[in-house]
>>> print(open('target-v8.pdb').read())   # PDB, C-alpha atoms, pLDDT in the B column
ATOM      1  CA  MET Z   1       5.034   0.804  -7.442  1.00 76.00           C
ATOM      2  CA  GLY Z   2       2.307   3.323  -6.697  1.00 81.00           C
ATOM      3  CA  GLN Z   3       4.691   5.158  -4.410  1.00 82.00           C
ATOM      4  CA  ASP Z   4       7.363   5.325  -7.122  1.00 82.00           C
ATOM      5  CA  THR Z   5       4.791   6.642  -9.599  1.00 86.00           C
ATOM      6  CA  ALA Z   6       3.551   9.263  -7.146  1.00 88.00           C
ATOM      7  CA  ARG Z   7       7.115  10.440  -6.502  1.00 87.00           C
ATOM      8  CA  SER Z   8       7.877  10.634 -10.224  1.00 90.00           C
ATOM      9  CA  LEU Z   9       4.822  12.882 -10.611  1.00 93.00           C
ATOM     10  CA  GLY Z  10       5.969  15.162  -7.790  1.00 91.00           C
ATOM     11  CA  LEU Z  11       3.491  13.717  -5.275  1.00 91.00           C
ATOM     12  CA  ALA Z  12       5.930  12.205  -2.778  1.00 89.00           C
ATOM     13  CA  GLY Z  13       3.537  12.872   0.102  1.00 92.00           C
ATOM     14  CA  LEU Z  14       0.556  11.157  -1.526  1.00 92.00           C
ATOM     15  CA  PRO Z  15      -1.081   9.036   1.176  1.00 93.00           C
ATOM     16  CA  ILE Z  16      -0.869   5.384   0.162  1.00 89.00           C
ATOM     17  CA  VAL Z  17      -2.192   2.650   2.422  1.00 89.00           C
ATOM     18  CA  ALA Z  18      -0.910  -0.860   1.815  1.00 82.00           C
ATOM     19  CA  ALA Z  19      -3.167  -3.814   2.474  1.00 80.00           C
ATOM     20  CA  PRO Z  20      -1.557  -7.145   3.263  1.00 73.00           C
ATOM     21  CA  ASN Z  21      -0.985  -9.428   0.305  1.00 72.00           C
ATOM     22  CA  GLY Z  22      -2.666 -12.787   0.001  1.00 75.00           C
ATOM     23  CA  PHE Z  23      -6.320 -11.906   0.578  1.00 77.00           C
ATOM     24  CA  GLU Z  24      -7.417 -14.692  -1.743  1.00 79.00           C
ATOM     25  CA  SER Z  25      -6.418 -17.304   0.840  1.00 83.00           C
ATOM     26  CA  LEU Z  26      -8.037 -15.593   3.837  1.00 84.00           C
ATOM     27  CA  SER Z  27     -11.390 -16.356   5.375  1.00 89.00           C
ATOM     28  CA  ARG Z  28     -14.121 -13.722   5.390  1.00 91.00           C
ATOM     29  CA  ASP Z  29     -13.417 -13.030   9.076  1.00 93.00           C
ATOM     30  CA  ALA Z  30      -9.683 -12.626   8.434  1.00 90.00           C
ATOM     31  CA  VAL Z  31     -10.348 -10.166   5.589  1.00 89.00           C
ATOM     32  CA  ARG Z  32     -12.695  -8.192   7.861  1.00 91.00           C
ATOM     33  CA  LEU Z  33     -10.029  -8.091  10.587  1.00 91.00           C
ATOM     34  CA  ALA Z  34      -7.385  -6.896   8.110  1.00 88.00           C
ATOM     35  CA  ALA Z  35      -9.744  -4.187   6.802  1.00 89.00           C
ATOM     36  CA  GLU Z  36     -10.532  -3.052  10.333  1.00 92.00           C
ATOM     37  CA  GLY Z  37      -6.789  -2.699  10.918  1.00 89.00           C
ATOM     38  CA  LEU Z  38      -6.582  -0.220   8.035  1.00 91.00           C
ATOM     39  CA  TYR Z  39      -9.772   1.675   8.856  1.00 93.00           C
ATOM     40  CA  GLU Z  40      -8.299   4.300  11.210  1.00 93.00           C
ATOM     41  CA  GLU Z  41      -5.497   5.209   8.807  1.00 93.00           C
ATOM     42  CA  VAL Z  42      -7.850   5.498   5.827  1.00 95.00           C
ATOM     43  CA  LEU Z  43     -10.268   7.600   7.856  1.00 95.00           C
ATOM     44  CA  SER Z  44      -7.482   9.928   9.008  1.00 94.00           C
ATOM     45  CA  ILE Z  45      -6.362  10.376   5.397  1.00 94.00           C
ATOM     46  CA  LEU Z  46      -9.871  11.143   4.171  1.00 95.00           C
ATOM     47  CA  CYS Z  47     -10.538  13.622   6.987  1.00 96.00           C
ATOM     48  CA  GLY Z  48      -7.020  15.028   7.379  1.00 93.00           C
ATOM     49  CA  GLU Z  49      -5.407  18.151   6.067  1.00 93.00           C
ATOM     50  CA  PRO Z  50      -3.105  17.420   3.103  1.00 90.00           C
ATOM     51  CA  GLN Z  51      -0.340  19.657   4.488  1.00 91.00           C
ATOM     52  CA  ALA Z  52      -0.351  17.725   7.761  1.00 93.00           C
ATOM     53  CA  LEU Z  53      -0.347  14.315   6.038  1.00 92.00           C
ATOM     54  CA  GLU Z  54       2.384  15.046   3.503  1.00 93.00           C
ATOM     55  CA  PRO Z  55       5.465  14.751   5.769  1.00 93.00           C
ATOM     56  CA  THR Z  56       4.362  11.369   7.118  1.00 91.00           C
ATOM     57  CA  TYR Z  57       3.718   9.831   3.721  1.00 91.00           C
ATOM     58  CA  ALA Z  58       6.655  11.502   1.962  1.00 91.00           C
ATOM     59  CA  SER Z  59       9.038   9.801   4.385  1.00 90.00           C
ATOM     60  CA  ARG Z  60       7.316   6.382   4.280  1.00 85.00           C
ATOM     61  CA  VAL Z  61       8.942   3.753   2.084  1.00 80.00           C
ATOM     62  CA  TRP Z  62       7.007   0.543   1.534  1.00 73.00           C
ATOM     63  CA  LEU Z  63       9.416  -1.245  -0.790  1.00 69.00           C
ATOM     64  CA  SER Z  64      12.188  -0.157  -3.076  1.00 68.00           C
ATOM     65  CA  ALA Z  65      11.344  -0.448  -6.772  1.00 67.00           C
ATOM     66  CA  ILE Z  66      13.647  -3.486  -7.058  1.00 73.00           C
ATOM     67  CA  ASP Z  67      11.979  -5.217  -4.084  1.00 73.00           C
ATOM     68  CA  ALA Z  68       8.521  -4.457  -5.492  1.00 70.00           C
ATOM     69  CA  ILE Z  69       9.471  -6.056  -8.803  1.00 71.00           C
ATOM     70  CA  GLY Z  70      10.723  -9.124  -6.931  1.00 70.00           C
ATOM     71  CA  VAL Z  71       7.434  -9.429  -5.046  1.00 67.00           C
ATOM     72  CA  SER Z  72       5.433  -9.033  -8.257  1.00 67.00           C
ATOM     73  CA  CYS Z  73       7.495 -11.717  -9.972  1.00 70.00           C
ATOM     74  CA  ALA Z  74       7.072 -14.104  -7.039  1.00 68.00           C
ATOM     75  CA  ILE Z  75       3.287 -13.599  -7.018  1.00 65.00           C
ATOM     76  CA  THR Z  76       3.104 -14.117 -10.755  1.00 67.00           C
ATOM     77  CA  LYS Z  77       5.124 -17.312 -10.536  1.00 68.00           C
ATOM     78  CA  ALA Z  78       3.170 -18.629  -7.524  1.00 68.00           C
ATOM     79  CA  HIS Z  79      -0.124 -18.157  -9.353  1.00 65.00           C
ATOM     80  CA  ALA Z  80       1.190 -19.470 -12.691  1.00 63.00           C
ATOM     81  CA  PHE Z  81       0.467 -16.220 -14.530  1.00 58.00           C
ATOM     82  CA  GLY Z  82       3.685 -16.320 -16.461  1.00 51.00           C
TER      83      GLY Z  82
END
>>> encode(input="target-v8.pdb", output="structure tokens")
Amino acid sequence: MGQDTARSLGLAGLPIVAAPNGFESLSRDAVRLAAEGLYEEVLSILCGEPQALEPTYASRVWLSAIDAIGVSCAITKAHAFG
């Protein structure tokens, strides 16, 4: 959904890093391992040149808006939020 919002604001190349879902069921060590897996990408975004990052992130598609809604609904239902 963040990607769709960025595109609608003309920021298609906005670097967005997606963390795996389901952190609430992971152990401390598993969360640390997942964070370490994202570290290099986050660091490269923070230290990179926006013009160099834009093509990579503009072409990346995490989920379509319809798929993202489906995931959100499934999470909501699984956690009895609605």
>>> atom_distance(input="target-v8.pdb", atom1="CA of Tyr57 in chain Z", atom2="CA of Leu14 in chain Z")
6.3 Å
>>> closest_residue(input="target-v8.pdb", among="Z:Gly48, Z:Ala68, Z:Glu54, Z:Glu36", to="Gly10 in chain Z", atoms="all atoms listed in the file")
Z:Glu54
>>> closest_residue(input="target-v8.pdb", among="Z:Ile69, Z:Leu53, Z:Asp4, Z:Trp62", to="Ala19 in chain Z", atoms="all atoms listed in the file")
Z:Trp62
>>> atom_distance(input="target-v8.pdb", atom1="CA of Asp67 in chain Z", atom2="CA of Glu40 in chain Z")
27.1 Å
>>> atom_distance(input="target-v8.pdb", atom1="CA of Gly37 in chain Z", atom2="CA of Leu11 in chain Z")
25.2 Å
>>> closest_residue(input="target-v8.pdb", among="Z:Leu9, Z:Ser59, Z:Val17, Z:Gln51", to="Ala35 in chain Z", atoms="all atoms listed in the file")
Z:Val17
>>> closest_residue(input="target-v8.pdb", among="Z:Leu38, Z:Ala52, Z:Ala18, Z:Leu43", to="Met1 in chain Z", atoms="only C-alpha atoms")
Z:Ala18
>>> closest_residue(input="target-v8.pdb", among="Z:Val61, Z:Val42, Z:Cys47, Z:Ser27", to="Gln3 in chain Z", atoms="only C-alpha atoms")
Z:Val61
>>> closest_residue(input="target-v8.pdb", among="Z:Ile66, Z:Ala58, Z:Ile16, Z:Leu26", to="Ser44 in chain Z", atoms="only C-alpha atoms")
Z:Ile16
>>> axis_aligned_box(input="target-v8.pdb", around="range 58-61 of chain Z", padding_each_side="4 Å", output="lines of an AutoDock Vina configuration file")
center_x = 7.8
center_y = 7.6
center_z = 3.2
size_x = 10.4
size_y = 15.7
size_z = 10.4
>>> decode(input="target-v8.pdb", residues="chain Z", atoms="C-alpha atoms", output="PDB file, in the first residue's frame")
ATOM      1  CA  MET Z   1       0.000   0.000   0.000  1.00  0.00           C
ATOM      2  CA  GLY Z   2       2.933   2.298   0.674  1.00  0.00           C
ATOM      3  CA  GLN Z   3       4.172   1.671  -2.841  1.00  0.00           C
ATOM      4  CA  ASP Z   4       0.781   2.568  -4.331  1.00  0.00           C
ATOM      5  CA  THR Z   5       0.697   5.761  -2.261  1.00  0.00           C
ATOM      6  CA  ALA Z   6       4.220   6.712  -3.312  1.00  0.00           C
ATOM      7  CA  ARG Z   7       3.341   6.180  -6.979  1.00  0.00           C
ATOM      8  CA  SER Z   8       0.163   8.246  -6.664  1.00  0.00           C
ATOM      9  CA  LEU Z   9       2.288  11.087  -5.271  1.00  0.00           C
ATOM     10  CA  GLY Z  10       4.742  10.859  -8.169  1.00  0.00           C
ATOM     11  CA  LEU Z  11       7.393   9.045  -6.112  1.00  0.00           C
ATOM     12  CA  ALA Z  12       7.486   5.730  -7.978  1.00  0.00           C
ATOM     13  CA  GLY Z  13      11.182   5.289  -7.195  1.00  0.00           C
ATOM     14  CA  LEU Z  14      10.801   5.806  -3.445  1.00  0.00           C
ATOM     15  CA  PRO Z  15      12.908   3.119  -1.763  1.00  0.00           C
ATOM     16  CA  ILE Z  16      10.623   0.859   0.258  1.00  0.00           C
ATOM     17  CA  VAL Z  17      11.993  -2.133   2.129  1.00  0.00           C
ATOM     18  CA  ALA Z  18       9.528  -4.838   3.101  1.00  0.00           C
ATOM     19  CA  ALA Z  19      10.062  -6.797   6.283  1.00  0.00           C
ATOM     20  CA  PRO Z  20       8.571 -10.267   6.510  1.00  0.00           C
ATOM     21  CA  ASN Z  21       5.130 -10.471   8.061  1.00  0.00           C
ATOM     22  CA  GLY Z  22       4.473 -12.356  11.258  1.00  0.00           C
ATOM     23  CA  PHE Z  23       7.125 -10.933  13.583  1.00  0.00           C
ATOM     24  CA  GLU Z  24       4.837 -11.392  16.567  1.00  0.00           C
ATOM     25  CA  SER Z  25       5.313 -15.166  16.414  1.00  0.00           C
ATOM     26  CA  LEU Z  26       9.102 -15.109  15.994  1.00  0.00           C
ATOM     27  CA  SER Z  27      11.711 -15.582  18.671  1.00  0.00           C
ATOM     28  CA  ARG Z  28      14.128 -12.774  19.490  1.00  0.00           C
ATOM     29  CA  ASP Z  29      16.867 -14.580  17.540  1.00  0.00           C
ATOM     30  CA  ALA Z  30      14.615 -15.010  14.496  1.00  0.00           C
ATOM     31  CA  VAL Z  31      13.708 -11.300  14.532  1.00  0.00           C
ATOM     32  CA  ARG Z  32      17.412 -10.409  14.763  1.00  0.00           C
ATOM     33  CA  LEU Z  33      18.182 -12.693  11.807  1.00  0.00           C
ATOM     34  CA  ALA Z  34      15.379 -11.140   9.735  1.00  0.00           C
ATOM     35  CA  ALA Z  35      16.617  -7.623  10.582  1.00  0.00           C
ATOM     36  CA  GLU Z  36      20.170  -8.560   9.646  1.00  0.00           C
ATOM     37  CA  GLY Z  37      18.838  -9.738   6.282  1.00  0.00           C
ATOM     38  CA  LEU Z  38      17.462  -6.251   5.616  1.00  0.00           C
ATOM     39  CA  TYR Z  39      20.452  -4.334   6.968  1.00  0.00           C
ATOM     40  CA  GLU Z  40      22.511  -4.128   3.756  1.00  0.00           C
ATOM     41  CA  GLU Z  41      19.575  -2.882   1.687  1.00  0.00           C
ATOM     42  CA  VAL Z  42      18.598  -0.248   4.257  1.00  0.00           C
ATOM     43  CA  LEU Z  43      22.202   0.901   4.545  1.00  0.00           C
ATOM     44  CA  SER Z  44      22.551   1.185   0.763  1.00  0.00           C
ATOM     45  CA  ILE Z  45      19.370   3.274   0.625  1.00  0.00           C
ATOM     46  CA  LEU Z  46      20.519   5.606   3.391  1.00  0.00           C
ATOM     47  CA  CYS Z  47      23.973   6.069   1.852  1.00  0.00           C
ATOM     48  CA  GLY Z  48      23.011   5.871  -1.827  1.00  0.00           C
ATOM     49  CA  GLU Z  49      22.369   8.527  -4.399  1.00  0.00           C
ATOM     50  CA  PRO Z  50      18.632   8.994  -5.051  1.00  0.00           C
ATOM     51  CA  GLN Z  51      19.135   9.081  -8.833  1.00  0.00           C
ATOM     52  CA  ALA Z  52      20.919   5.726  -8.720  1.00  0.00           C
ATOM     53  CA  LEU Z  53      18.289   4.121  -6.462  1.00  0.00           C
ATOM     54  CA  GLU Z  54      15.220   5.328  -8.344  1.00  0.00           C
ATOM     55  CA  PRO Z  55      15.272   2.884 -11.300  1.00  0.00           C
ATOM     56  CA  THR Z  56      15.581  -0.142  -9.015  1.00  0.00           C
ATOM     57  CA  TYR Z  57      12.710   0.834  -6.751  1.00  0.00           C
ATOM     58  CA  ALA Z  58      10.492   2.249  -9.506  1.00  0.00           C
ATOM     59  CA  SER Z  59      10.485  -1.149 -11.207  1.00  0.00           C
ATOM     60  CA  ARG Z  60       9.979  -3.182  -8.001  1.00  0.00           C
ATOM     61  CA  VAL Z  61       6.452  -4.401  -7.329  1.00  0.00           C
ATOM     62  CA  TRP Z  62       5.793  -5.955  -3.937  1.00  0.00           C
ATOM     63  CA  LEU Z  63       2.088  -6.693  -4.300  1.00  0.00           C
ATOM     64  CA  SER Z  64      -0.673  -5.369  -6.471  1.00  0.00           C
ATOM     65  CA  ALA Z  65      -3.195  -3.212  -4.615  1.00  0.00           C
ATOM     66  CA  ILE Z  66      -5.755  -6.044  -4.803  1.00  0.00           C
ATOM     67  CA  ASP Z  67      -3.276  -8.580  -3.376  1.00  0.00           C
ATOM     68  CA  ALA Z  68      -2.297  -6.165  -0.597  1.00  0.00           C
ATOM     69  CA  ILE Z  69      -5.942  -5.758   0.390  1.00  0.00           C
ATOM     70  CA  GLY Z  70      -6.316  -9.544   0.469  1.00  0.00           C
ATOM     71  CA  VAL Z  71      -3.298  -9.887   2.758  1.00  0.00           C
ATOM     72  CA  SER Z  72      -4.591  -7.141   5.051  1.00  0.00           C
ATOM     73  CA  CYS Z  73      -7.992  -8.809   5.268  1.00  0.00           C
ATOM     74  CA  ALA Z  74      -6.432 -12.191   6.047  1.00  0.00           C
ATOM     75  CA  ILE Z  75      -4.285 -10.696   8.827  1.00  0.00           C
ATOM     76  CA  THR Z  76      -7.263  -8.883  10.280  1.00  0.00           C
ATOM     77  CA  LYS Z  77      -9.350 -12.042  10.263  1.00  0.00           C
ATOM     78  CA  ALA Z  78      -6.536 -14.201  11.694  1.00  0.00           C
ATOM     79  CA  HIS Z  79      -6.076 -11.810  14.608  1.00  0.00           C
ATOM     80  CA  ALA Z  80      -9.818 -11.277  15.159  1.00  0.00           C
ATOM     81  CA  PHE Z  81      -9.620  -7.528  14.550  1.00  0.00           C
ATOM     82  CA  GLY Z  82     -12.791  -7.446  12.543  1.00  0.00           C
TER      83      GLY Z  82
END
